[in-house]
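Some notes on the structure that comes next.
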Amino acid sequence: MKLTIAQLAKRLGAELVGNGSKQITAVRAVETADEDTITFVTDPRHIPKLKNSHAAAVIIDRAVETLEKPQLLVKNVNAALIETLNIFAPKLKPPAEGIDPTAKIGKDVKIAKGVSIAPGVVIDDEARIEENTVIAAGCKIGRNAKIGRNCRLDCNVVIYHNCIIGNNVIIQANTTIGSTGFGYCTIDGQHKLIPHNGGVVIEDFVEIGANCCLDRAKFGNTIIGAGTKIDNLVQIAHNTVIGKCCLIAGQVGISGSCKLGDGVVLAGQAGVTDNIEIGNDAMVGGQSGAFHNIPAGKQVFGTPATDKTEAIRIIALTRRLPKLVNEVKKLTARIERLEAAKDDK
Amino acid sequence: MKLTIAQLAKRLGAELVGNGSKQITAVRAVETADEDTITFVTDPRHIPKLKNSHAAAVIIDRAVETLEKPQLLVKNVNAALIETLNIFAPKLKPPAEGIDPTAKIGKDVKIAKGVSIAPGVVIDDEARIEENTVIAAGCKIGRNAKIGRNCRLDCNVVIYHNCIIGNNVIIQANTTIGSTGFGYCTIDGQHKLIPHNGGVVIEDFVEIGANCCLDRAKFGNTIIGAGTKIDNLVQIAHNTVIGKCCLIAGQVGISGSCKLGDGVVLAGQAGVTDNIEIGNDAMVGGQSGAFHNIPAGKQVFGTPATDKTEAIRIIALTRRLPKLVNEVKKLTARIERLEAAKDDK
Amino acid sequence: MKLTIAQLAKRLGAELVGNGSKQITAVRAVETADEDTITFVTDPRHIPKLKNSHAAAVIIDRAVETLEKPQLLVKNVNAALIETLNIFAPKLKPPAEGIDPTAKIGKDVKIAKGVSIAPGVVIDDEARIEENTVIAAGCKIGRNAKIGRNCRLDCNVVIYHNCIIGNNVIIQANTTIGSTGFGYCTIDGQHKLIPHNGGVVIEDFVEIGANCCLDRAKFGNTIIGAGTKIDNLVQIAHNTVIGKCCLIAGQVGISGSCKLGDGVVLAGQAGVTDNIEIGNDAMVGGQSGAFHNIPAGKQVFGTPATDKTEAIRIIALTRRLPKLVNEVKKLTARIERLEAAKDDK
């Protein structure tokens, strides 16, 4: 794909400042862009880097007067960047519509029009796949599971029985949805599995990374709210309910029966203990362990996680412990001298 | 499935207090139970919640006199709960006995009666599958691996060559058993893989979650003791030996050549460094890092993990550091005044 | 496989001290070796253990005069150990050359000679597999992906489109290469996925464990340098570039756009925040969180990670906090007495 800068400006609805005749073939970061590519600036602090960038042009939300490069002025750089990336995306052949002959489809399965079922897929009885959904090679769809329309299940995804996936959901390779949760009763020293009669409900526009595990509920459902995005290798335990538009980064683990509000952000490798509530727009820092309820809007850090500002202050103070110990030692000596002086009298 | 309360009481061997004529269709938690469902109380602290619960009845180990709801009195609520959940479990068609024609079975493979081998399964030469075991779609069983009877391997599980799985073992989707461990010798700056001639032995009644990795041993075996339960996304490295009836929660990582006793509990995201021993019934807290041997029965917390009570006390004290720093500052001022007073004389 | 000690010495080019006539069948650790096996010592501190070892002989780099066992003297015990393990390795039938009839091969796929493609493998259009590479059952190779020669992809590995795998690469079961990274722009409260036009490049002699996730880049490539070894359940995010001969242990998570030098070691469950640089031969401790750039050669520990020696000192001091608090309390009392004495006058 090649476009002139002017053509791209037109497609983005951008105001072009400078010469639009040069052809570009891709979009790149400021540091790695070359003369055939366009770059972008989402943060005004990066404007100085533009001077030394080899990029042919820049997508930006304000004109930079001193810059010699052509500029494409847009209201929302992020939206324009996504559109530009889509324009230059490698053209992948759309997956073949229909059911590959090596797929194994159970009884009473309903498959809507426009669906693509790749080789080696196994769909159990009574499952239902809505329009235009793509099930990649090696996926397994359990009995009576429902997959909405416009979904994309990448290779080797496993959906257990009775799970419900909404519309426009993406699930990446090797992810497991609906495994039995880790719920045991210890009776006479033996751990007895508690049957998990519930399921998993994944709402519309959820996107889930690769190699994740979302466990089914004991009763009711484990629920992922609409628009929530989940990174790779994330564990979400039984009966947990996650709100809308949350961001859950890589290797996060959420224990059972938690309740997360909307817009919650969990940074990489964070952990959430069971049965706690996290309010809307709260944020748990990287590698932090949420052991108690977190009110809406609060940012926490550390294990156990506490108010982020306070946690950082405490960390700074622990680093000054050698100094503090030394100070106390010196004070002790001074007191000894004072005591000796008193005794002398 | 519908049962009257009286019918359920009879099946559970429970003493019925109150009217048993109402029909129920499921069991639910106290908070979410409705008029068609029964609930349960395992912890007497939750008895007060029963008043406002919509549940039609309750399974409990002591009669609550003030309660208007019908009560099913049992000795062990957990055992009764498991039985009740099994009664109301969604009825799944048992997997078809026999070998699906798309499965690929190697030479000299022994498959006992009652075994179910689903589509796309690959079983290499000389493997052996005992009675009534269910191998779900997409599983791969390596050369000379042995799977005991009454096991359930969910979709896409991979068992490498020579691994031995006992009886009544459950392994959930996308789990890998018998991958080569992370053992390298660095020779002239290059990391050379140490061949892993050993295997993995999983004893009876072990249950393993989804997307786990259990590595094979360099020599001898990585061993998971009978009755141990492992959650999702757990890593168990080469040559580690785990005792009986341990509980290993989600995203735990156990390094190589560790030795865990019986009844050990590792909470979520805990880590265990290589070559250490953890005694019977010891407990490692969530996100904690066991860097040293842990004696039997001990509970540890933190990274590096120390005695849990002490670790919590230290955490509380670090949070009081701002106060301590301030106290030391004030003491310094008071000493200065004392010193000045002395000098005045 | 059986060899006399003398035969093994000859194959290793070792100097034999003692009687070489006994037959051995395996190599084992000092503690578990029996009379039919040979053991080894890589660390002179373990020499005393040899006395009580049942091993028939020992591979060692210096003669131990007091030892009655036959000794095989070699320059590099690790290299000799690897060779010995290879000699005694269980003999696995090499995978069948050629393409299994149940594999699904797309258009314009190039498969070189000596390649083995197992049952149920799906290879999309325009992919390329070089000589002697083994693709195990259930693998999926995306459109236009390239796999070099002498590679081994274990069961159910998923390689997305356009990814490039070098020569002599091993990727273990259920690992995902080239999934879309976790990159979102939030526009009007909705998280919009940033298209990931880039790929993943894995250089020669890289080895990757089971159930890992390596995300594709937004632009350019996520790169794993030659000779780097990666353990199980590791997450490597979009656009991260890793140098040569690094060691990345189990459950490590590396966020996006990081740059690691050569020879970097990340211990188990370590995390690396996005956009940071880690210099050559730096080392991040277990469960530690690298939140800032780390200079070459530096060892760090803790969350946030700091200089390892300093971090350990601080941890030791926090454990003495109860003592420090007590000291300050006592000093306060002494000052009070001094003040009282002064006032008395």
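All residue names refer to the structure tokens as shown: chains lettered A, B, ... in order, residues numbered from 1 in each chain, ligands numbered from 1 in order.
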Inset, instruction - May I have the residues within 9 Å of B:Leu153 as a ChimeraX atom specification, using only C-alpha atoms and disregarding those fewer than 6 positions away in the same chain? - result: /B:133-136,139,169-173
Residues from last step as file, all heavy atoms, as a PDB file, in the first residue's frame:
ATOM      1  N   THR B 133     -11.087 -43.793  30.957  1.00  0.00           N
ATOM      2  CA  THR B 133     -10.475 -42.464  30.865  1.00  0.00           C
ATOM      3  C   THR B 133     -11.003 -41.742  29.627  1.00  0.00           C
ATOM      4  O   THR B 133     -11.261 -42.352  28.590  1.00  0.00           O
ATOM      5  CB  THR B 133      -8.944 -42.622  30.869  1.00  0.00           C
ATOM      6  OG1 THR B 133      -8.541 -42.772  32.229  1.00  0.00           O
ATOM      7  CG2 THR B 133      -8.224 -41.435  30.245  1.00  0.00           C
ATOM      8  N   VAL B 134     -11.171 -40.413  29.778  1.00  0.00           N
ATOM      9  CA  VAL B 134     -11.710 -39.588  28.698  1.00  0.00           C
ATOM     10  C   VAL B 134     -10.629 -38.629  28.213  1.00  0.00           C
ATOM     11  O   VAL B 134     -10.120 -37.813  28.981  1.00  0.00           O
ATOM     12  CB  VAL B 134     -12.928 -38.782  29.197  1.00  0.00           C
ATOM     13  CG1 VAL B 134     -13.435 -37.838  28.111  1.00  0.00           C
ATOM     14  CG2 VAL B 134     -14.034 -39.728  29.652  1.00  0.00           C
ATOM     15  N   ILE B 135     -10.267 -38.754  26.955  1.00  0.00           N
ATOM     16  CA  ILE B 135      -9.253 -37.877  26.354  1.00  0.00           C
ATOM     17  C   ILE B 135     -10.003 -36.951  25.396  1.00  0.00           C
ATOM     18  O   ILE B 135     -10.491 -37.388  24.351  1.00  0.00           O
ATOM     19  CB  ILE B 135      -8.205 -38.690  25.566  1.00  0.00           C
ATOM     20  CG1 ILE B 135      -7.698 -39.892  26.383  1.00  0.00           C
ATOM     21  CG2 ILE B 135      -7.090 -37.799  25.072  1.00  0.00           C
ATOM     22  CD1 ILE B 135      -6.620 -39.603  27.353  1.00  0.00           C
ATOM     23  N   ALA B 136     -10.066 -35.669  25.740  1.00  0.00           N
ATOM     24  CA  ALA B 136     -10.877 -34.728  24.956  1.00  0.00           C
ATOM     25  C   ALA B 136     -10.161 -34.304  23.673  1.00  0.00           C
ATOM     26  O   ALA B 136      -8.976 -34.614  23.455  1.00  0.00           O
ATOM     27  CB  ALA B 136     -11.216 -33.510  25.809  1.00  0.00           C
ATOM     28  N   CYS B 139      -6.065 -33.412  22.337  1.00  0.00           N
ATOM     29  CA  CYS B 139      -4.980 -33.816  23.246  1.00  0.00           C
ATOM     30  C   CYS B 139      -3.896 -34.568  22.474  1.00  0.00           C
ATOM     31  O   CYS B 139      -4.156 -35.234  21.476  1.00  0.00           O
ATOM     32  CB  CYS B 139      -5.515 -34.732  24.348  1.00  0.00           C
ATOM     33  SG  CYS B 139      -6.492 -33.870  25.586  1.00  0.00           S
ATOM     34  N   VAL B 169      -7.272 -38.862  37.745  1.00  0.00           N
ATOM     35  CA  VAL B 169      -6.606 -37.569  37.602  1.00  0.00           C
ATOM     36  C   VAL B 169      -7.409 -36.713  36.621  1.00  0.00           C
ATOM     37  O   VAL B 169      -7.917 -37.219  35.618  1.00  0.00           O
ATOM     38  CB  VAL B 169      -5.160 -37.773  37.088  1.00  0.00           C
ATOM     39  CG1 VAL B 169      -4.533 -36.455  36.660  1.00  0.00           C
ATOM     40  CG2 VAL B 169      -4.323 -38.461  38.163  1.00  0.00           C
ATOM     41  N   ILE B 170      -7.554 -35.405  36.939  1.00  0.00           N
ATOM     42  CA  ILE B 170      -8.186 -34.457  36.014  1.00  0.00           C
ATOM     43  C   ILE B 170      -7.128 -33.447  35.582  1.00  0.00           C
ATOM     44  O   ILE B 170      -6.424 -32.881  36.417  1.00  0.00           O
ATOM     45  CB  ILE B 170      -9.355 -33.712  36.690  1.00  0.00           C
ATOM     46  CG1 ILE B 170     -10.471 -34.695  37.077  1.00  0.00           C
ATOM     47  CG2 ILE B 170      -9.907 -32.620  35.779  1.00  0.00           C
ATOM     48  CD1 ILE B 170     -11.599 -34.054  37.876  1.00  0.00           C
ATOM     49  N   ILE B 171      -7.013 -33.227  34.282  1.00  0.00           N
ATOM     50  CA  ILE B 171      -6.107 -32.198  33.769  1.00  0.00           C
ATOM     51  C   ILE B 171      -6.911 -31.321  32.824  1.00  0.00           C
ATOM     52  O   ILE B 171      -7.489 -31.813  31.851  1.00  0.00           O
ATOM     53  CB  ILE B 171      -4.904 -32.821  33.025  1.00  0.00           C
ATOM     54  CG1 ILE B 171      -4.162 -33.800  33.951  1.00  0.00           C
ATOM     55  CG2 ILE B 171      -3.954 -31.736  32.522  1.00  0.00           C
ATOM     56  CD1 ILE B 171      -3.008 -34.538  33.271  1.00  0.00           C
ATOM     57  N   GLN B 172      -6.971 -30.019  33.130  1.00  0.00           N
ATOM     58  CA  GLN B 172      -7.832 -29.146  32.334  1.00  0.00           C
ATOM     59  C   GLN B 172      -7.114 -28.610  31.082  1.00  0.00           C
ATOM     60  O   GLN B 172      -5.926 -28.835  30.871  1.00  0.00           O
ATOM     61  CB  GLN B 172      -8.382 -28.038  33.221  1.00  0.00           C
ATOM     62  CG  GLN B 172      -9.281 -28.626  34.324  1.00  0.00           C
ATOM     63  CD  GLN B 172     -10.246 -27.631  34.911  1.00  0.00           C
ATOM     64  OE1 GLN B 172     -11.165 -27.168  34.248  1.00  0.00           O
ATOM     65  NE2 GLN B 172     -10.036 -27.296  36.162  1.00  0.00           N
ATOM     66  N   ALA B 173      -7.868 -27.901  30.279  1.00  0.00           N
ATOM     67  CA  ALA B 173      -7.469 -27.556  28.910  1.00  0.00           C
ATOM     68  C   ALA B 173      -6.124 -26.829  28.814  1.00  0.00           C
ATOM     69  O   ALA B 173      -5.753 -26.047  29.680  1.00  0.00           O
ATOM     70  CB  ALA B 173      -8.555 -26.697  28.273  1.00  0.00           C
TER      71      ALA B 173
END
Inset, instruction - Give as a list in words every residue of chain A that touches chain C within 7 Å, counting only C-alpha atoms. - result: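 Those within range of chain C come out as Arg28, Asn78, Ile82, Leu85, Asn86, Ala89, Pro90, Gly120, Cys155, Gln172, Ala173, Asn174, Ala210, Asn211, Asp231, Asn232, Cys245, Thr318, Arg319, Leu321 and Thr332 of chain A.
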Let me see the file: selected residues, C-alpha atoms, as a compact mmCIF listing (two decimals), in the first residue's frame.
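Here's the written file out16.txt:
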# COMPACT_ATOMS: atom_id res chain seq x y z
CA ARG A 28 6.34 4.27 12.54
CA ASN A 78 -4.84 8.35 18.60
CA ILE A 82 -5.46 3.74 14.44
CA LEU A 85 -2.33 1.74 10.90
CA ASN A 86 -5.43 0.13 9.47
CA ALA A 89 -1.99 -3.01 7.72
CA PRO A 90 -0.72 -6.13 5.94
CA GLY A 120 -9.84 -29.34 13.22
CA CYS A 155 -6.24 -21.00 17.15
CA GLN A 172 -6.48 -15.01 21.23
CA ALA A 173 -4.72 -18.34 20.86
CA ASN A 174 -4.54 -21.06 23.53
CA ALA A 210 -3.40 -15.49 24.59
CA ASN A 211 -3.04 -18.32 27.14
CA ASP A 231 -3.87 -9.13 28.25
CA ASN A 232 -2.02 -12.49 28.05
CA CYS A 245 -14.15 -1.06 30.09
CA THR A 318 12.71 2.43 54.18
CA ARG A 319 15.58 3.28 51.86
CA LEU A 321 16.64 3.37 57.21
CA THR A 332 22.31 7.59 71.98
Legend entry - atom CA of A:Ala127 to atom CA of B:Ala137, distance in Å rounded to a single decimal: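 Value for the atom CA of A:Ala127-atom CA of B:Ala137 distance: 15.7 Å.
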Can you list, as a short mmCIF file (atom, residue, chain, number, x, y, z; two decimals) with N, CA, C and O atoms, in the first residue's frame, all residues belonging to stretch 115-314 of chain B that DSSP tags as alpha helix (DSSP H)?
data_model
loop_
_atom_site.label_atom_id
_atom_site.label_comp_id
_atom_site.auth_asym_id
_atom_site.auth_seq_id
_atom_site.Cartn_x
_atom_site.Cartn_y
_atom_site.Cartn_z
N LYS B 308 4.86 -15.39 59.19
CA LYS B 308 3.76 -14.53 58.76
C LYS B 308 3.42 -13.46 59.80
O LYS B 308 3.27 -12.28 59.46
N THR B 309 3.32 -13.86 61.07
CA THR B 309 2.97 -12.89 62.12
C THR B 309 4.02 -11.79 62.19
O THR B 309 3.69 -10.59 62.23
N GLU B 310 5.28 -12.21 62.16
CA GLU B 310 6.38 -11.25 62.21
C GLU B 310 6.37 -10.35 60.97
O GLU B 310 6.54 -9.13 61.06
N ALA B 311 6.12 -10.95 59.80
CA ALA B 311 6.12 -10.17 58.55
C ALA B 311 5.04 -9.10 58.58
O ALA B 311 5.26 -7.95 58.17
N ILE B 312 3.87 -9.46 59.13
CA ILE B 312 2.77 -8.50 59.19
C ILE B 312 3.09 -7.38 60.18
O ILE B 312 2.80 -6.21 59.95
N ARG B 313 3.76 -7.77 61.29
CA ARG B 313 4.18 -6.77 62.27
C ARG B 313 5.19 -5.78 61.64
O ARG B 313 5.09 -4.57 61.85
N ILE B 314 6.13 -6.31 60.86
CA ILE B 314 7.13 -5.46 60.22
C ILE B 314 6.46 -4.51 59.22
O ILE B 314 6.79 -3.32 59.15
#
Legend entry - Within 10 Å of B:Thr37 using only C-alpha atoms, minus same-chain residues under 5 positions, as a list of chain:residue names: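 So the residues in contact are B:Lys2, B:Ile5, B:Lys22, B:Gln23, B:Ile24, B:Thr25, B:Ala26, B:Val27, B:Arg28, B:Ala29, B:Val30, B:Thr32, B:His54, B:Ala55, B:Ala56, B:Ala57, B:Val58.
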Inset, instruction - Kindly indicate which residue among B:Val325, B:Ser53, B:Asp262, B:Asn275 lies nearest to B:Gly297, using only C-alpha atoms for the distances. - result: B:Asp262
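Taking atom CA of A:Asp61 and atom CA of A:Thr4 as the two end points, the separation is 19.8 Å.
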Inset, instruction - Name the closest residue to C:Leu12 among the candidates C:Gln299, C:Asn293, C:Ser257, C:Asn76; distances are taken between atoms, counting only C-alpha atoms. - result: C:Asn76
